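K.L.:
This is upload_30.cif (mmCIF, C-alpha atoms).
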data_my_file
#
loop_
_atom_site.label_atom_id
_atom_site.label_comp_id
_atom_site.auth_asym_id
_atom_site.auth_seq_id
_atom_site.Cartn_x
_atom_site.Cartn_y
_atom_site.Cartn_z
CA MET A 279 -2.09 -17.16 -20.45
CA TYR A 280 -3.13 -13.53 -20.04
CA LEU A 281 -5.46 -12.28 -22.77
CA GLU A 282 -6.88 -8.82 -23.39
CA ASN A 283 -10.37 -10.28 -23.29
CA TYR A 284 -9.59 -12.70 -20.44
CA LEU A 285 -12.35 -11.43 -18.21
CA THR A 286 -15.94 -12.38 -18.92
CA ALA A 287 -18.82 -10.10 -17.99
CA LYS A 288 -18.79 -11.28 -14.39
CA HIS A 289 -15.08 -10.43 -14.15
CA SER A 290 -15.33 -6.86 -15.38
CA THR A 291 -16.97 -3.62 -14.43
CA LYS A 292 -17.38 -0.27 -16.13
CA THR A 293 -14.51 1.85 -14.90
CA SER A 294 -13.46 5.47 -15.18
CA MET A 295 -10.24 5.16 -13.22
CA VAL A 296 -8.38 8.38 -12.41
CA TYR A 297 -4.61 8.42 -12.96
CA ASN A 298 -2.16 10.57 -11.01
CA GLU A 299 1.61 11.01 -11.19
CA ILE A 300 3.69 9.77 -8.26
CA GLY A 301 5.75 12.87 -7.45
CA THR A 302 7.97 13.64 -10.45
CA THR A 303 8.62 10.01 -11.43
CA GLY A 304 6.58 10.21 -14.62
CA MET A 305 4.59 7.21 -13.42
CA ARG A 306 0.87 7.90 -13.83
CA VAL A 307 -0.90 5.38 -11.64
CA SER A 308 -4.51 4.50 -10.96
CA ASN A 309 -5.92 6.23 -7.89
CA LEU A 310 -6.82 2.76 -6.63
CA GLY A 311 -3.81 0.44 -6.42
CA PHE A 312 -3.51 -3.29 -5.80
CA GLY A 313 -1.75 -4.26 -2.58
CA ALA A 314 -0.61 -7.85 -2.92
CA SER A 315 -0.19 -8.66 0.79
CA SER A 316 -3.34 -10.81 0.64
CA LEU A 317 -1.63 -13.09 -1.85
CA GLY A 318 0.65 -14.14 0.99
CA GLY A 319 -2.26 -15.23 3.17
CA VAL A 320 -1.49 -12.37 5.56
CA PHE A 321 -5.13 -11.95 6.59
CA ARG A 322 -6.51 -15.44 5.92
CA GLY A 323 -5.80 -18.51 3.83
CA ILE A 324 -6.22 -18.13 0.08
CA LYS A 325 -6.67 -20.26 -3.01
CA GLU A 326 -3.67 -19.53 -5.20
CA SER A 327 -5.73 -19.69 -8.40
CA GLU A 328 -8.16 -17.09 -7.02
CA GLY A 329 -5.28 -14.85 -6.00
CA ILE A 330 -3.84 -14.98 -9.50
CA GLU A 331 -7.28 -14.24 -10.97
CA ALA A 332 -7.59 -11.27 -8.59
CA VAL A 333 -4.43 -9.79 -10.13
CA PHE A 334 -5.77 -10.32 -13.67
CA THR A 335 -9.08 -8.74 -12.63
CA ALA A 336 -7.37 -5.67 -11.18
CA VAL A 337 -5.19 -5.05 -14.25
CA ASP A 338 -7.99 -5.71 -16.74
CA ASN A 339 -10.17 -3.13 -14.99
CA GLY A 340 -7.74 -0.23 -15.01
CA ILE A 341 -5.54 -0.76 -11.94
CA ASN A 342 -1.94 -0.31 -13.06
CA PHE A 343 -0.04 -0.09 -9.77
CA ILE A 344 0.84 -3.20 -7.77
CA ASP A 345 2.68 -3.23 -4.46
CA VAL A 346 4.18 -6.22 -2.68
CA SER A 347 7.02 -7.21 -0.32
CA PRO A 348 9.12 -10.31 0.40
CA TYR A 349 7.84 -9.96 3.97
CA TYR A 350 4.21 -10.63 3.05
CA GLY A 351 3.58 -14.28 3.69
CA HIS A 352 7.35 -14.68 4.04
CA LEU A 353 7.96 -14.77 0.25
CA LYS A 354 4.57 -16.28 -0.64
CA ALA A 355 2.98 -13.03 -1.85
CA GLU A 356 5.83 -12.30 -4.27
CA THR A 357 5.79 -15.92 -5.46
CA VAL A 358 2.05 -15.97 -6.18
CA LEU A 359 2.15 -12.50 -7.74
CA GLY A 360 5.03 -13.62 -9.96
CA LYS A 361 2.91 -16.47 -11.31
CA ALA A 362 0.33 -13.89 -12.38
CA LEU A 363 2.78 -11.33 -13.75
CA LYS A 364 4.53 -13.79 -16.06
CA ASP A 365 1.34 -13.79 -18.16
CA ILE A 366 0.70 -10.03 -18.10
CA PRO A 367 2.47 -7.68 -20.54
CA ARG A 368 5.05 -5.61 -18.64
CA ASP A 369 3.69 -2.31 -19.95
CA LYS A 370 0.32 -3.00 -18.30
CA TYR A 371 1.49 -2.26 -14.75
CA TYR A 372 3.95 -0.52 -12.46
CA LEU A 373 5.47 -2.74 -9.78
CA SER A 374 6.63 -1.81 -6.29
CA THR A 375 8.35 -4.08 -3.79
CA LYS A 376 10.53 -3.65 -0.71
CA VAL A 377 13.74 -4.45 1.15
CA GLY A 378 14.67 -4.48 4.82
CA ARG A 379 11.89 -6.51 6.40
CA TYR A 380 11.69 -10.26 5.91
CA GLY A 381 10.45 -13.42 7.59
CA LYS A 382 11.45 -17.04 7.97
CA ASP A 383 9.97 -19.96 9.89
CA GLY A 384 7.26 -17.70 11.30
CA LYS A 385 9.78 -15.17 12.65
CA ASN A 386 10.34 -11.54 11.69
CA ILE A 387 13.77 -10.59 10.36
CA TRP A 388 15.04 -7.06 9.84
CA ASP A 389 18.19 -6.36 7.83
CA TYR A 390 18.74 -2.91 6.34
CA SER A 391 22.36 -3.49 5.31
CA ALA A 392 23.44 -2.47 1.81
CA LYS A 393 24.48 -6.04 1.02
CA ARG A 394 21.16 -7.59 2.01
CA ALA A 395 19.16 -4.83 0.29
CA THR A 396 20.99 -5.41 -2.98
CA GLU A 397 20.62 -9.19 -2.78
CA SER A 398 16.94 -8.84 -1.93
CA VAL A 399 16.18 -6.82 -5.06
CA TYR A 400 17.56 -9.50 -7.36
CA GLU A 401 15.79 -12.24 -5.40
CA SER A 402 12.49 -10.38 -5.68
CA MET A 403 12.88 -9.91 -9.43
CA GLU A 404 13.36 -13.65 -9.84
CA ARG A 405 10.25 -14.48 -7.80
CA LEU A 406 8.23 -11.80 -9.58
CA ASN A 407 9.33 -12.82 -13.09
CA VAL A 408 10.45 -9.31 -14.04
CA ASP A 409 13.76 -7.83 -15.15
CA TYR A 410 13.34 -4.47 -13.41
CA ILE A 411 11.32 -2.99 -10.56
CA ASP A 412 9.56 0.36 -10.91
CA ILE A 413 9.79 1.40 -7.24
CA ILE A 414 11.99 -0.26 -4.64
CA ASN A 415 11.09 0.74 -1.08
CA VAL A 416 12.86 0.52 2.24
CA HIS A 417 10.19 -1.31 4.24
CA ASP A 418 8.98 0.04 7.63
CA VAL A 419 11.98 2.22 8.40
CA GLU A 420 10.98 2.62 12.05
CA PHE A 421 12.31 -0.85 12.86
CA GLN A 422 15.81 0.23 11.86
CA GLY A 423 15.17 3.26 14.07
CA ASP A 424 15.04 0.89 17.03
CA MET A 425 18.31 -0.84 16.09
CA GLU A 426 21.98 0.13 16.18
CA GLY A 427 22.61 3.04 13.86
CA GLY A 428 18.98 4.13 13.96
CA LEU A 429 17.36 5.82 10.99
CA GLN A 430 20.74 7.23 10.04
CA LYS A 431 21.66 3.77 8.71
CA ILE A 432 18.79 4.05 6.22
CA VAL A 433 20.30 7.34 5.03
CA ASP A 434 23.95 6.22 5.02
CA GLU A 435 23.66 2.62 3.82
CA THR A 436 20.29 1.34 2.61
CA LEU A 437 19.30 4.23 0.36
CA PRO A 438 22.72 4.60 -1.33
CA ALA A 439 22.64 0.89 -2.21
CA LEU A 440 19.23 1.30 -3.85
CA VAL A 441 20.28 4.49 -5.63
CA GLU A 442 23.21 2.54 -7.08
CA LEU A 443 20.74 -0.01 -8.45
CA ARG A 444 18.71 2.88 -9.87
CA LYS A 445 21.81 4.10 -11.72
CA LYS A 446 22.20 0.62 -13.22
CA GLY A 447 18.55 0.52 -14.34
CA VAL A 448 17.74 -2.47 -12.13
CA VAL A 449 15.16 -0.31 -10.37
CA ARG A 450 13.55 2.82 -11.79
CA HIS A 451 12.74 4.71 -8.57
CA VAL A 452 13.45 4.57 -4.84
CA GLY A 453 11.01 5.03 -1.96
CA ILE A 454 10.51 4.44 1.75
CA THR A 455 7.56 3.15 3.77
CA ASP A 456 6.41 3.40 7.37
CA LEU A 457 3.35 3.67 9.60
CA GLN A 458 4.64 6.84 11.27
CA PRO A 459 4.87 9.79 8.85
CA GLU A 460 7.34 11.54 11.16
CA ASN A 461 9.91 8.82 10.37
CA LEU A 462 9.37 9.27 6.65
CA LYS A 463 9.86 13.02 7.00
CA TRP A 464 13.08 12.53 9.00
CA VAL A 465 14.61 10.25 6.38
CA VAL A 466 13.71 12.61 3.52
CA GLU A 467 15.17 15.55 5.47
CA HIS A 468 18.47 13.78 6.14
CA ALA A 469 18.95 11.85 2.88
CA GLU A 470 20.62 13.28 -0.20
CA GLU A 471 18.05 15.30 -2.14
CA GLY A 472 16.46 13.20 -4.84
CA SER A 473 17.39 9.83 -3.38
CA VAL A 474 13.85 9.35 -2.03
CA GLU A 475 11.26 9.77 -4.77
CA SER A 476 8.17 8.40 -3.03
CA ILE A 477 6.80 7.54 0.39
CA LEU A 478 4.21 4.93 1.29
CA ASN A 479 2.25 5.56 4.47
CA PHE A 480 -0.63 3.47 5.78
CA CYS A 481 -3.63 4.00 8.07
CA HIS A 482 -3.18 7.78 8.15
CA TYR A 483 -5.46 8.80 5.30
CA SER A 484 -8.72 7.08 6.09
CA LEU A 485 -12.12 7.91 7.55
CA ASN A 486 -10.80 7.74 11.12
CA ASP A 487 -7.35 9.27 10.64
CA THR A 488 -6.22 12.04 8.28
CA LEU A 489 -2.80 12.74 9.82
CA LEU A 490 -1.07 12.32 6.46
CA ILE A 491 -2.58 15.62 5.28
CA ASP A 492 -0.28 17.47 7.70
CA PHE A 493 2.78 16.17 5.83
CA LEU A 494 1.74 16.60 2.20
CA GLY A 495 3.23 20.07 1.87
CA PHE A 496 6.62 18.87 3.11
CA PHE A 497 6.74 15.96 0.68
CA GLU A 498 5.70 18.19 -2.21
CA GLN A 499 8.49 20.64 -1.37
CA HIS A 500 10.96 17.79 -1.75
CA TYR A 501 9.30 16.43 -4.94
CA VAL A 502 8.40 13.22 -3.15
CA GLY A 503 5.27 11.39 -4.33
CA VAL A 504 2.75 10.08 -1.81
CA ILE A 505 1.19 6.62 -1.74
CA ASN A 506 -1.54 5.81 0.76
CA ALA A 507 -2.41 2.32 1.96
CA SER A 508 -5.03 0.53 4.04
CA PRO A 509 -8.19 2.60 3.51
CA PHE A 510 -9.94 0.18 5.88
CA SER A 511 -7.40 0.87 8.66
CA MET A 512 -6.37 -2.79 8.76
CA GLY A 513 -9.96 -3.88 9.31
CA LEU A 514 -11.15 -1.23 11.77
CA LEU A 515 -13.41 0.20 9.07
CA SER A 516 -15.22 -2.97 8.14
CA SER A 517 -18.57 -4.59 8.76
CA ARG A 518 -16.78 -7.63 10.15
CA GLY A 519 -14.80 -5.52 12.61
CA ALA A 520 -11.11 -5.38 13.45
CA PRO A 521 -9.26 -8.69 13.76
CA MET A 522 -8.13 -9.84 17.20
CA TRP A 523 -4.50 -8.99 16.46
CA HIS A 524 -5.25 -5.36 15.60
CA PRO A 525 -3.08 -3.02 17.74
CA ALA A 526 -5.76 -0.31 18.08
CA SER A 527 -7.02 0.61 21.54
CA LYS A 528 -10.34 -0.68 22.85
CA ASP A 529 -11.88 2.80 22.60
CA LEU A 530 -10.88 3.21 18.95
CA ARG A 531 -12.18 -0.26 18.11
CA MET A 532 -15.52 0.54 19.72
CA ALA A 533 -15.83 3.90 17.96
CA CYS A 534 -15.19 2.35 14.55
CA ALA A 535 -17.57 -0.52 15.31
CA LYS A 536 -20.31 2.03 16.09
CA ALA A 537 -19.59 3.83 12.84
CA ALA A 538 -19.78 0.54 10.91
CA ALA A 539 -23.08 -0.34 12.59
CA TYR A 540 -24.54 3.03 11.63
CA CYS A 541 -23.49 2.57 8.01
CA GLN A 542 -25.13 -0.84 8.00
CA GLU A 543 -28.36 0.68 9.34
CA VAL A 544 -28.52 3.19 6.50
CA GLY A 545 -27.63 0.56 3.90
CA TYR A 546 -24.23 1.96 2.95
CA PRO A 547 -21.36 -0.45 3.78
CA ILE A 548 -18.58 1.27 5.69
CA GLU A 549 -16.08 -0.44 3.37
CA LYS A 550 -17.63 1.45 0.45
CA LEU A 551 -17.48 4.78 2.26
CA ALA A 552 -13.92 4.13 3.46
CA ILE A 553 -12.44 3.36 0.06
CA GLN A 554 -14.34 6.22 -1.58
CA PHE A 555 -13.03 8.64 1.04
CA SER A 556 -9.41 7.57 0.60
CA THR A 557 -9.51 7.81 -3.20
CA SER A 558 -11.77 10.86 -3.66
CA TYR A 559 -10.78 13.57 -1.26
CA ASN A 560 -7.21 14.51 -2.08
CA PRO A 561 -5.60 14.43 -5.56
CA ARG A 562 -2.23 15.18 -3.92
CA ILE A 563 -2.15 11.50 -2.95
CA ALA A 564 -1.27 9.55 -6.09
CA THR A 565 -2.87 6.21 -5.21
CA THR A 566 -4.47 4.28 -2.37
CA LEU A 567 -3.67 0.59 -1.97
CA PHE A 568 -6.21 -2.03 -0.97
CA SER A 569 -5.59 -5.76 -0.78
CA SER A 570 -7.75 -8.72 -1.72
CA ALA A 571 -7.12 -12.17 -3.13
CA ASN A 572 -10.77 -12.44 -4.18
CA PRO A 573 -11.61 -11.33 -7.76
CA GLN A 574 -15.16 -10.32 -6.82
CA ASN A 575 -13.88 -8.14 -3.97
CA VAL A 576 -11.52 -6.47 -6.43
CA LEU A 577 -14.42 -5.68 -8.76
CA ARG A 578 -16.57 -4.44 -5.90
CA ASN A 579 -13.89 -2.00 -4.71
CA ILE A 580 -13.33 -0.70 -8.23
CA ALA A 581 -17.09 -0.15 -8.57
CA TYR A 582 -17.16 1.71 -5.23
CA VAL A 583 -14.46 4.11 -6.43
CA ASN A 584 -16.48 4.89 -9.55
CA GLU A 585 -19.55 5.97 -7.53
CA PRO A 586 -20.00 9.45 -6.00
CA LEU A 587 -19.04 9.90 -2.36
CA ASP A 588 -21.78 10.63 0.20
CA GLU A 589 -20.15 13.56 2.00
CA GLN A 590 -22.96 13.87 4.53
CA LEU A 591 -22.39 10.28 5.56
CA VAL A 592 -18.65 10.97 5.87
CA ASN A 593 -19.41 13.80 8.29
CA LYS A 594 -21.80 11.61 10.28
CA VAL A 595 -19.32 8.72 10.54
CA GLN A 596 -16.52 11.02 11.66
CA GLU A 597 -18.88 12.54 14.22
CA ILE A 598 -19.55 9.03 15.58
CA ILE A 599 -15.82 8.28 15.76
CA GLY A 600 -15.53 11.55 17.65
CA ASP A 601 -12.53 11.96 19.94
CA GLN A 602 -11.01 8.76 18.56
CA MET A 603 -10.22 10.53 15.28
CA ARG A 604 -6.46 10.43 14.64
CA VAL A 605 -5.83 8.12 17.59
CA ARG A 606 -2.71 6.14 16.73
CA TRP A 607 -1.00 2.84 17.49
CA LYS A 608 2.50 1.44 17.22
CA ASN A 609 3.59 -0.72 14.30
CA SER A 610 4.13 -4.42 14.95
#
Reformat the file's structure so that it appears as structure tokens.
P.N.:
Amino acid sequence: MYLENYLTAKHSTKTSMVYNEIGTTGMRVSNLGFGASSLGGVFRGIKESEGIEAVFTAVDNGINFIDVSPYYGHLKAETVLGKALKDIPRDKYYLSTKVGRYGKDGKNIWDYSAKRATESVYESMERLNVDYIDIINVHDVEFQGDMEGGLQKIVDETLPALVELRKKGVVRHVGITDLQPENLKWVVEHAEEGSVESILNFCHYSLNDTLLIDFLGFFEQHYVGVINASPFSMGLLSSRGAPMWHPASKDLRMACAKAAAYCQEVGYPIEKLAIQFSTSYNPRIATTLFSSANPQNVLRNIAYVNEPLDEQLVNKVQEIIGDQMRVRWKNS
């Protein structure tokens, strides 16, 4: 059972979380958000009890925005998150999930049809133990771009289905997500004004890549809120180094590894610098999502955000990354 005083001293940290509005939704969210992909064992195996405790820890320390997807862990992340949410008062958090990208038996499945999107929303609510969703996103729109109908299908079919659910109060707001900001811009440009209220972009507002900045003005003009994800660039900006499956080029991996080594030499973990950079530099970005199923990691990242950013170290790290700044890769 969730209690206000659930966390003991070792489970809490002094926090002065900043809250920003996502576009014009009225949702004021913590500048550090909880990405629940780790609850699905996306990066490594987890203990379910620890994952649930990680959610409690995040909410009890000021994080009020949680993002998930049926794709993460092929339903597992939503299932584990739902076990946590059933014991947390609904007014303590905003919840975001997705439609369009799924998985079964270890295989990826993409279905952006109106019928499947509508069904998926109700299925997610059941797994998550909620009776409405704050933001429903079309997940990784670029994959529909590679299929029959292209991105136009998102505009003509997927989004109208979600807007209909918004009219019914099943979902409060509608958004889209993708790795490539150009795809997000295209959908906003071609969709009915107001149908897209937020975008979620990942790996393009971090120490090694600030491409998202180039698109902020456009999204603001269309009253679309901006959510950033993966301040660690899917592991590139970590002391442990990028995982084997990471799609980055060898040169980019090496540049980030050199930057991480330098941070270690000066006693300032690159993870700390990375998450501070993504949450400190631009108030036009409502929140930055990180993911961890470890309660202590959650506390550590919250503590990092509350400490001042070493701007000289930022400049040095970006100098080390050098010509690999803004080097991109394809989604997978």
K.L.:
Name every residue that the PyMOL selection byres ((chain A and resi 313) around 8) selects in this structure, writing the answer as a list in words with chains first and numbers rising.
P.N.:
Gly311, Phe312, Ala314, Ser315, Ser316, Ile344, Asp345, Val346, Leu567, Phe568, Ser569 and Ser570 of chain A
K.L.:
Evaluated on this file, the PyMOL selection byres ((chain A and resi 582) around 9) picks out some residues - which ones are they, written as a PyMOL selection string?
P.N.:
chain A and resi 549-551+553-554+577-581+583-587
K.L.:
Using all atoms listed in the file, which residue out of A:Pro521, A:Ala539, A:Gly427, A:Leu406 lies closest to Arg368 in chain A?
P.N.:
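Closest residue, counting all atoms listed in the file: A:Leu406.
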K.L.:
Any idea what's packed within 9 Å of Glu589 in chain A, counting only C-alpha atoms, ignoring anything in its chain fewer than 4 positions away? Could you give it as a PyMOL selection string?
P.N.:
chain A and resi 555+593-594
K.L.:
Select, from A:Ser402, A:Asn560, A:Ser374, A:Ser473, the residue with the minimum atom-to-atom distance to Ile491 in chain A, counting all atoms listed in the file.
P.N.:
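The shortest atom-to-atom distance to Ile491 in chain A comes from A:Asn560.
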K.L.:
Just so the selection is clear, what residues does the PyMOL selection byres ((chain A and resi 442) around 12) cover here, as a list of chain:residue names?
P.N.:
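When the PyMOL selection byres ((chain A and resi 442) around 12) is applied to the shown file, the picked residues are A:Ala392, A:Lys393, A:Ala395, A:Thr396, A:Val399, A:Ile414, A:Glu435, A:Thr436, A:Leu437, A:Pro438, A:Ala439, A:Leu440, A:Val441, A:Leu443, A:Arg444, A:Lys445, A:Lys446, A:Gly447, A:Val448, A:Val449, A:Arg450, A:His451, A:Val452, A:Ser473.
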K.L.:
Contacts of Lys370 in chain A at 12 Å or less, counting only C-alpha atoms, minus same-chain residues fewer than 4 places along, as a PyMOL selection string?
P.N.:
chain A and resi 280-282+306-308+333-334+336-344+363-366
K.L.:
When distances are computed from all atoms listed in the file, which of A:Ile598, A:Leu353, A:Ala564, A:Ile454 shows the smallest separation from Leu317 in chain A?
P.N.:
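Going through A:Ile598, A:Leu353, A:Ala564, A:Ile454 one by one, the smallest distance to Leu317 in chain A is for A:Leu353.
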K.L.:
Just the number, please: distance in Å from CA of Gly318 in chain A to CA of Asp383 in chain A, one decimal.
P.N.:
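According to the coordinates, CA of Gly318 in chain A and CA of Asp383 in chain A are separated by 14.1 Å.
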K.L.:
Ranking A:Ser508, A:Ser347, A:Ser391, A:Gln430 by minimum distance to Asp418 in chain A and counting all atoms listed in the file, which one comes first?
P.N.:
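Closest residue, counting all atoms listed in the file: A:Ser347.
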K.L.:
So how far away is CA of Thr302 in chain A from CA of Ile563 in chain A, in Å?
P.N.:
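Going from CA of Ile563 in chain A over to CA of Thr302 in chain A, I get 12.8 Å.
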K.L.:
Please identify all polymer residues lying at most 7 Å from the point (9.4, -15.3, -7.6) (file coordinates), using all atoms listed in the file, and present the result as a list in words.
P.N.:
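Applying the cut-off with all atoms listed in the file, one gets Glu356, Thr357, Gly360, Ser402, Met403, Glu404, Arg405, Leu406 and Asn407 of chain A.
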K.L.:
Give me, please, the distance in Å between CA of Asp492 in chain A and CA of Leu462 in chain A, quoted to one decimal.
P.N.:
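CA of Asp492 in chain A sits 12.7 Å away from CA of Leu462 in chain A.
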K.L.:
Find, counting all atoms listed in the file, the residue in A:Phe480, A:Tyr400, A:Phe421, A:Phe493 that gets nearest to Trp388 in chain A.
P.N.:
A:Phe421
K.L.:
Would you list the contacts of Thr566 in chain A as a list in words, taking every protein, DNA or RNA residue within 6 Å and counting all atoms listed in the file, but skipping same-chain residues closer than 4 positions in sequence?
P.N.:
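After dropping sequence-adjacent residues, the list is Leu310, Gly311, Asn506 and Ala507 of chain A.
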K.L.:
Using all atoms listed in the file, which residues sit within 8 Å of range 494-496 of chain A once same-chain residues fewer than 6 positions away are excluded, as a list in words?
P.N.:
Lys463, Val504 and Arg562 of chain A
K.L.:
Here is a test: counting only C-alpha atoms, which residue of A:His500, A:His524, A:Lys385, A:Lys361 is nearest to Glu470 in chain A?
P.N.:
A:His500
